Structure formats: structure tokens, C-alpha cells
>>> print(open('work_20.cif').read())   # mmCIF, C-alpha atoms and all ligand atoms
data_query
#
loop_
_atom_site.label_atom_id
_atom_site.label_comp_id
_atom_site.auth_asym_id
_atom_site.auth_seq_id
_atom_site.Cartn_x
_atom_site.Cartn_y
_atom_site.Cartn_z
CA MET A 895 0.00 0.00 0.00
CA ASN A 896 1.17 3.48 -0.85
CA VAL A 897 1.64 5.25 2.49
CA ALA A 898 3.44 8.35 1.26
CA PRO A 899 0.41 10.67 1.66
CA PHE A 900 0.06 9.63 5.29
CA ASP A 901 3.78 10.22 5.80
CA ARG A 902 3.20 13.75 4.56
CA ALA A 903 0.13 14.11 6.79
CA ALA A 904 2.22 12.97 9.76
CA ARG A 905 4.89 15.54 8.96
CA ILE A 906 2.24 18.28 8.83
CA GLY A 907 0.73 17.01 12.09
CA VAL A 908 -2.80 18.39 11.82
CA VAL A 909 -5.61 17.53 9.40
CA PRO A 910 -8.56 19.88 8.97
CA VAL A 911 -11.76 17.82 8.66
CA ILE A 912 -14.16 19.48 6.24
CA ALA A 913 -17.92 19.07 5.62
CA ILE A 914 -18.22 21.31 2.59
CA PRO A 915 -21.69 22.77 1.95
CA SER A 916 -21.10 23.44 -1.77
CA ALA A 917 -18.37 22.60 -4.29
CA ASP A 918 -18.19 26.29 -5.12
CA TYR A 919 -16.29 26.76 -1.87
CA ALA A 920 -13.61 24.21 -2.80
CA GLU A 921 -11.03 26.55 -4.31
CA PRO A 922 -11.33 29.44 -1.82
CA LEU A 923 -11.22 26.95 1.03
CA ALA A 924 -8.10 25.29 -0.36
CA ASP A 925 -6.51 28.72 -0.82
CA ALA A 926 -7.36 29.72 2.75
CA LEU A 927 -5.66 26.59 4.11
CA LEU A 928 -2.62 26.98 1.84
CA GLU A 929 -2.33 30.63 2.85
CA GLY A 930 -2.24 29.52 6.49
CA GLY A 931 0.64 27.13 5.75
CA LEU A 932 -1.57 24.04 6.14
CA PRO A 933 -1.43 22.16 2.80
CA ILE A 934 -3.84 19.34 3.69
CA ALA A 935 -7.58 18.68 4.00
CA GLU A 936 -9.85 15.74 4.65
CA ILE A 937 -13.04 16.41 2.69
CA THR A 938 -15.75 14.20 4.15
CA PHE A 939 -18.56 12.41 2.35
CA ARG A 940 -20.99 14.05 4.72
CA THR A 941 -22.35 16.42 2.13
CA GLU A 942 -23.62 15.99 -1.42
CA ALA A 943 -20.91 18.36 -2.61
CA ALA A 944 -17.99 16.26 -1.38
CA ALA A 945 -17.00 14.41 -4.57
CA GLU A 946 -17.24 17.51 -6.76
CA ALA A 947 -15.30 19.54 -4.19
CA MET A 948 -12.56 16.88 -4.12
CA ALA A 949 -12.34 16.86 -7.91
CA ARG A 950 -12.01 20.65 -8.04
CA VAL A 951 -9.31 20.70 -5.38
CA SER A 952 -7.28 17.93 -7.00
CA GLU A 953 -7.54 19.55 -10.44
CA THR A 954 -6.86 23.14 -9.47
CA ARG A 955 -4.91 23.03 -6.20
CA PRO A 956 -2.39 20.16 -6.56
CA ASP A 957 -0.29 21.61 -3.73
CA LEU A 958 -2.99 20.66 -1.27
CA LEU A 959 -2.74 17.07 -0.02
CA MET A 960 -6.39 16.12 -0.29
CA GLY A 961 -7.98 13.08 1.26
CA ALA A 962 -11.49 11.71 1.56
CA GLY A 963 -13.17 11.33 4.95
CA THR A 964 -16.26 9.48 6.13
CA VAL A 965 -15.59 6.77 3.52
CA LEU A 966 -18.39 4.40 4.46
CA SER A 967 -18.79 2.18 1.39
CA VAL A 968 -17.01 0.54 -1.51
CA ASP A 969 -18.74 3.10 -3.78
CA ALA A 970 -17.31 5.91 -1.70
CA VAL A 971 -13.81 4.45 -2.18
CA SER A 972 -14.37 4.55 -5.95
CA SER A 973 -15.72 8.13 -5.79
CA ALA A 974 -12.76 9.24 -3.71
CA VAL A 975 -10.23 7.74 -6.12
CA ALA A 976 -12.08 9.12 -9.16
CA ALA A 977 -12.08 12.58 -7.58
CA GLY A 978 -8.33 12.47 -7.00
CA ALA A 979 -8.25 11.86 -3.26
CA THR A 980 -4.80 10.60 -2.21
CA PHE A 981 -5.84 9.04 1.10
CA GLY A 982 -9.00 8.00 2.87
CA LEU A 983 -10.34 7.68 6.40
CA ALA A 984 -13.47 6.34 8.01
CA PRO A 985 -15.02 6.66 11.46
CA GLY A 986 -15.21 2.86 11.83
CA PHE A 987 -13.68 -0.38 10.59
CA ASP A 988 -15.43 -2.07 7.64
CA PRO A 989 -13.33 -4.89 6.13
CA GLU A 990 -14.98 -4.49 2.71
CA VAL A 991 -14.09 -0.81 2.58
CA VAL A 992 -10.52 -1.53 3.70
CA ALA A 993 -10.20 -4.24 1.03
CA ALA A 994 -11.59 -1.89 -1.66
CA ALA A 995 -9.17 0.86 -0.68
CA ASP A 996 -6.31 -1.62 -0.75
CA ALA A 997 -7.33 -2.88 -4.19
CA ALA A 998 -7.56 0.71 -5.45
CA GLY A 999 -4.15 1.62 -4.01
CA LEU A 1000 -5.74 4.24 -1.75
CA PRO A 1001 -3.88 4.60 1.56
CA PHE A 1002 -6.60 4.15 4.14
CA ALA A 1003 -7.05 4.67 7.87
CA PRO A 1004 -10.12 2.93 9.30
CA GLY A 1005 -11.66 4.14 12.55
CA ILE A 1006 -11.13 2.24 15.78
CA MET A 1007 -12.36 2.71 19.35
CA THR A 1008 -11.71 -0.64 21.05
CA PRO A 1009 -8.98 -3.32 21.21
CA SER A 1010 -11.24 -5.55 19.10
CA ASP A 1011 -11.39 -2.89 16.37
CA ILE A 1012 -7.59 -2.58 16.44
CA SER A 1013 -7.22 -6.33 16.28
CA LEU A 1014 -9.51 -6.62 13.24
CA ALA A 1015 -7.83 -3.70 11.47
CA THR A 1016 -4.30 -4.97 12.08
CA ALA A 1017 -5.33 -8.41 10.75
CA ARG A 1018 -6.34 -6.63 7.51
CA GLY A 1019 -2.94 -5.00 7.22
CA CYS A 1020 -3.83 -1.55 8.56
CA ARG A 1021 -1.08 0.21 10.48
CA LEU A 1022 -2.53 3.73 10.67
CA MET A 1023 -5.94 4.15 12.28
CA LYS A 1024 -8.28 6.94 13.14
CA PHE A 1025 -9.20 7.00 16.84
CA PHE A 1026 -12.79 8.18 16.87
CA PRO A 1027 -14.53 9.76 18.75
CA ALA A 1028 -11.25 10.60 20.43
CA MET A 1029 -12.26 12.69 23.43
CA ALA A 1030 -15.64 11.06 24.13
CA ALA A 1031 -13.97 7.64 23.99
CA GLY A 1032 -11.62 8.56 26.82
CA GLY A 1033 -8.97 10.84 25.36
CA PRO A 1034 -5.22 10.18 25.13
CA ASP A 1035 -5.17 7.91 28.18
CA MET A 1036 -7.76 5.59 26.64
CA LEU A 1037 -5.86 5.37 23.35
CA LYS A 1038 -2.56 4.71 25.16
CA ASN A 1039 -4.16 1.83 27.06
CA ILE A 1040 -6.09 0.15 24.24
CA SER A 1041 -3.17 0.39 21.82
CA ALA A 1042 -0.47 -0.87 24.21
CA PRO A 1043 -0.80 -4.58 23.30
CA PHE A 1044 -0.39 -3.75 19.60
CA LEU A 1045 2.50 -1.33 19.61
CA HIS A 1046 5.08 -3.91 18.55
CA LEU A 1047 3.21 -3.86 15.22
CA GLY A 1048 4.22 -0.24 14.67
CA LEU A 1049 0.75 1.30 14.79
CA THR A 1050 0.11 5.02 14.68
CA PHE A 1051 -3.14 6.94 15.07
CA ILE A 1052 -5.00 10.06 14.02
CA PRO A 1053 -7.40 11.05 16.80
CA THR A 1054 -10.49 13.05 15.80
CA GLY A 1055 -13.69 13.94 17.56
CA GLY A 1056 -13.43 16.68 20.17
CA VAL A 1057 -9.79 17.43 19.33
CA THR A 1058 -9.14 21.18 19.28
CA GLN A 1059 -6.41 23.78 19.32
CA ASP A 1060 -6.59 23.65 23.13
CA ASN A 1061 -6.06 19.92 23.64
CA MET A 1062 -3.95 18.97 20.63
CA HIS A 1063 -0.78 19.08 22.77
CA GLU A 1064 -2.11 16.18 24.88
CA TRP A 1065 -2.15 14.06 21.72
CA LEU A 1066 0.86 15.26 19.78
CA SER A 1067 3.19 14.65 22.69
CA LEU A 1068 2.48 10.90 22.38
CA PRO A 1069 4.78 8.94 20.02
CA ILE A 1070 1.84 6.87 18.68
CA ILE A 1071 0.15 9.95 17.20
CA ALA A 1072 0.75 10.57 13.50
CA ALA A 1073 -1.40 13.70 13.39
CA VAL A 1074 -4.51 15.14 14.98
CA GLY A 1075 -7.68 15.99 13.06
CA GLY A 1076 -10.79 18.02 13.58
CA THR A 1077 -13.33 20.43 12.27
CA TRP A 1078 -12.36 23.44 14.37
CA ILE A 1079 -10.23 25.03 11.64
CA ALA A 1080 -12.98 25.24 9.01
CA LYS A 1081 -16.53 24.63 10.24
CA PRO A 1082 -19.34 24.53 7.66
CA ALA A 1083 -20.66 27.85 9.02
CA ASP A 1084 -17.24 29.50 8.53
CA ILE A 1085 -17.11 28.17 4.98
CA GLU A 1086 -20.64 29.33 4.18
CA ALA A 1087 -19.88 32.74 5.63
CA GLY A 1088 -16.78 33.00 3.42
CA ASP A 1089 -14.65 33.58 6.52
CA TRP A 1090 -11.44 32.74 4.63
CA ALA A 1091 -9.34 35.03 6.83
CA GLY A 1092 -10.59 33.23 9.93
CA ILE A 1093 -9.84 29.82 8.42
CA THR A 1094 -6.36 30.99 7.41
CA ALA A 1095 -5.74 32.31 10.93
CA ARG A 1096 -6.86 29.06 12.58
CA ALA A 1097 -4.82 27.01 10.09
CA ARG A 1098 -1.71 29.09 10.82
CA HIS A 1099 -2.27 28.89 14.56
CA ALA A 1100 -2.62 25.08 14.37
CA VAL A 1101 0.61 24.72 12.37
CA GLU A 1102 2.44 26.96 14.84
CA ARG A 1103 1.11 24.89 17.73
CA VAL A 1104 2.34 21.64 16.10
CA ASP A 1105 5.79 23.21 15.73
CA GLU A 1106 5.81 24.35 19.36
CA ILE A 1107 4.71 20.94 20.66
CA ARG A 1108 7.11 18.95 18.51
CA GLY A 1109 9.92 21.41 19.04
C1 LIG B 1 -14.45 13.54 12.16
O1 LIG B 1 -15.22 13.25 11.28
O2 LIG B 1 -13.25 13.30 12.09
C2 LIG B 1 -14.97 14.16 13.42
O3 LIG B 1 -16.35 14.24 13.41
C3 LIG B 1 -14.42 15.50 13.73
O4 LIG B 1 -14.90 15.83 14.98
P1 LIG B 1 -14.91 17.31 15.54
O5 LIG B 1 -16.06 18.01 14.86
O6 LIG B 1 -15.17 17.17 17.02
O7 LIG B 1 -13.60 17.95 15.24
#
>>> encode(input="work_20.cif", output="C-alpha cells")
Amino acid sequence: MNVAPFDRAARIGVVPVIAIPSADYAEPLADALLEGGLPIAEITFRTEAAAEAMARVSETRPDLLMGAGTVLSVDAVSSAVAAGATFGLAPGFDPEVVAAADAAGLPFAPGIMTPSDISLATARGCRLMKFFPAMAAGGPDMLKNISAPFLHLGLTFIPTGGVTQDNMHEWLSLPIIAAVGGTWIAKPADIEAGDWAGITARARHAVERVDEIRG
């Protein structure tokens, strides 16, 4: 499996999770993130506009590392690949979706929340997983504990769900964390309001925080 996009995501350290209300916002949103020094986005299949937005970003803003989120079906894997997504994530573990992503050469991080989930995902060859819903499930301490029996397999995680600017340090100081993710940088309301300056400022702030935490 091609893991290079996730290596890049891990270097960046923070992934803005986007539910885009209309594909017309794709380019200005990408520009706002790039302007803030954050060249990555996870565009989720939570809105009708997602596939078109992904296609526009991949065609017009190749500098942005663009992945698909909320990939819940084999069809969604195909849509993501067709739209130029370079990685995919899901809130849960579905072996059919993981197999489809593998067959399509799409680096994929399934969601996990329990040791059983981790066990099933590792058996399918996954080494990077999304920990979701990260804070509600027990935060960094929970992830440290449920992942401990598997660490010899070289697993890393992207926690999302309740992760913010204010608690990202709790995650990024752990060696098992590849990157954090969340919607706080570009909420649908910010996108609809065209608050590109606000999105740029939050993107920049997040990147600065990653640098501070990682030294
Ligand atoms: C996701 O899809 O990754 C999460 O829903 C993001 O959660 P947040 O809105 O709490 O950041």
C-alpha cells in the first residue's frame, strides 16, 4: 500500500476535517488553508458536494494534499479515487471498505475505538488508524491503554472527535500519534460565511502549535 500521503500528513501534524456545503467553496477553502501554511484537507462524504469539491481541489490546487473522509462504502472508495483523493479515512472499521481501498491503491485509515477494532484492522494490514470519537472515547489515556498490546506492530493513530487547538498538545506529545484531526479550523458555518481570513488564521495557529509541541 502506498503510504506516502500519510507520511506527509504525519509531517504536517494536523488535518482539517471538512464538511463542505457546496463545491463552489472548494477553491477558496483550499486557498485559505494553503495561505495559512496548512497544505492538507480531509473532505468528508458528509455532504452531497464532497466528490465535486474533491475533484475541483485535485484539479486546481495540486499543492494541497487532499484526502477523503467518512468513507463508508465501496462506492465511496471509488468516488474518492475518481475525484483524486490521495488518502482515505473512516469513522469505523469495515473490512470491505478496507479491502476496496487496498485494491484501489488508496492509503486508508479505518476508525477504531476498542482493542477488538484494532485487532480486526491490524489483521487486515492496517497500520494507521483513526481513533474516533477521540475525546468522548476517553482521550489520550484511553488510546494509550487500548493500543499498548499492539505497539510492537508499529501502529500510529490520528485522533479526531473533540480534538481542538486547546487539547492537541495532549495528543501530539504521544509517540503513537501521526497527526490530529478536527473540524475546528474550518466549520461549515465558517465556509458558508466565506470567513477565509478566519480559516487561514486558525490554520496558521494550528501549524504553529504543532511546531511548538514537537519542538
Ligand atoms: C471527524 O469526522 O473526524 C470528526 O467528526 C471530527 O470531529 P470534531 O467536529 O469534534 O472535530
>>> residues_near_ligand(input="work_20.cif", ligand="ligand LIG 1 (chain B)", cutoff="8 Å", atoms="all atoms listed in the file", output="list in words")
Val911, Thr938, Gly963, Thr964, Ala984, Pro985, Phe1026, Pro1027, Pro1053, Thr1054, Gly1055, Gly1056, Val1057, Thr1058, Gly1075, Gly1076, Thr1077 and Trp1078 of chain A
>>> atom_distance(input="work_20.cif", atom1="atom CA of A:Asp1084", atom2="atom CA of A:Ala924")
13.4 Å
>>> residues_around(input="work_20.cif", residues="A:Val951", least_positions_apart="6", cutoff="10 Å", atoms="all atoms listed in the file", output="number ranges by chain")
A: 917, 919-925, 935, 937, 945, 957-960, 977-979
>>> closest_residue(input="work_20.cif", among="A:Ser1067, A:Thr980, A:Ser916, A:Ser973", to="A:Glu1086", atoms="only C-alpha atoms")
A:Ser916
>>> residues_around(input="work_20.cif", residues="A:Phe1025", least_positions_apart="6", cutoff="12 Å", atoms="all atoms listed in the file", output="PyMOL selection string")
chain A and resi 983-987+1003-1009+1011-1012+1031-1034+1036-1038+1040-1041+1049-1057+1065+1070-1076
>>> atom_distance(input="work_20.cif", atom1="atom CA of A:Gly961", atom2="atom CA of A:Met1029")
22.6 Å
>>> atom_distance(input="work_20.cif", atom1="atom CA of A:Arg950", atom2="atom CA of A:Asp918")
8.9 Å
>>> residues_around(input="work_20.cif", residues="stretch 1099-1104 of chain A", least_positions_apart="3", cutoff="9 Å", atoms="all atoms listed in the file", output="PDB file with C-alpha atoms, keeping the file's coordinate frame")
ATOM      1  CA  ILE A 906       2.240  18.280   8.830  1.00  0.00           C
ATOM      2  CA  GLY A 907       0.730  17.010  12.090  1.00  0.00           C
ATOM      3  CA  VAL A 908      -2.800  18.390  11.820  1.00  0.00           C
ATOM      4  CA  GLY A 930      -2.240  29.520   6.490  1.00  0.00           C
ATOM      5  CA  GLY A 931       0.640  27.130   5.750  1.00  0.00           C
ATOM      6  CA  LEU A 932      -1.570  24.040   6.140  1.00  0.00           C
ATOM      7  CA  GLN A1059      -6.410  23.780  19.320  1.00  0.00           C
ATOM      8  CA  MET A1062      -3.950  18.970  20.630  1.00  0.00           C
ATOM      9  CA  HIS A1063      -0.780  19.080  22.770  1.00  0.00           C
ATOM     10  CA  LEU A1066       0.860  15.260  19.780  1.00  0.00           C
ATOM     11  CA  ILE A1079     -10.230  25.030  11.640  1.00  0.00           C
ATOM     12  CA  THR A1094      -6.360  30.990   7.410  1.00  0.00           C
ATOM     13  CA  ALA A1095      -5.740  32.310  10.930  1.00  0.00           C
ATOM     14  CA  ARG A1096      -6.860  29.060  12.580  1.00  0.00           C
ATOM     15  CA  ILE A1107       4.710  20.940  20.660  1.00  0.00           C
ATOM     16  CA  ARG A1108       7.110  18.950  18.510  1.00  0.00           C
ATOM     17  CA  GLY A1109       9.920  21.410  19.040  1.00  0.00           C
TER      18      GLY A1109
END
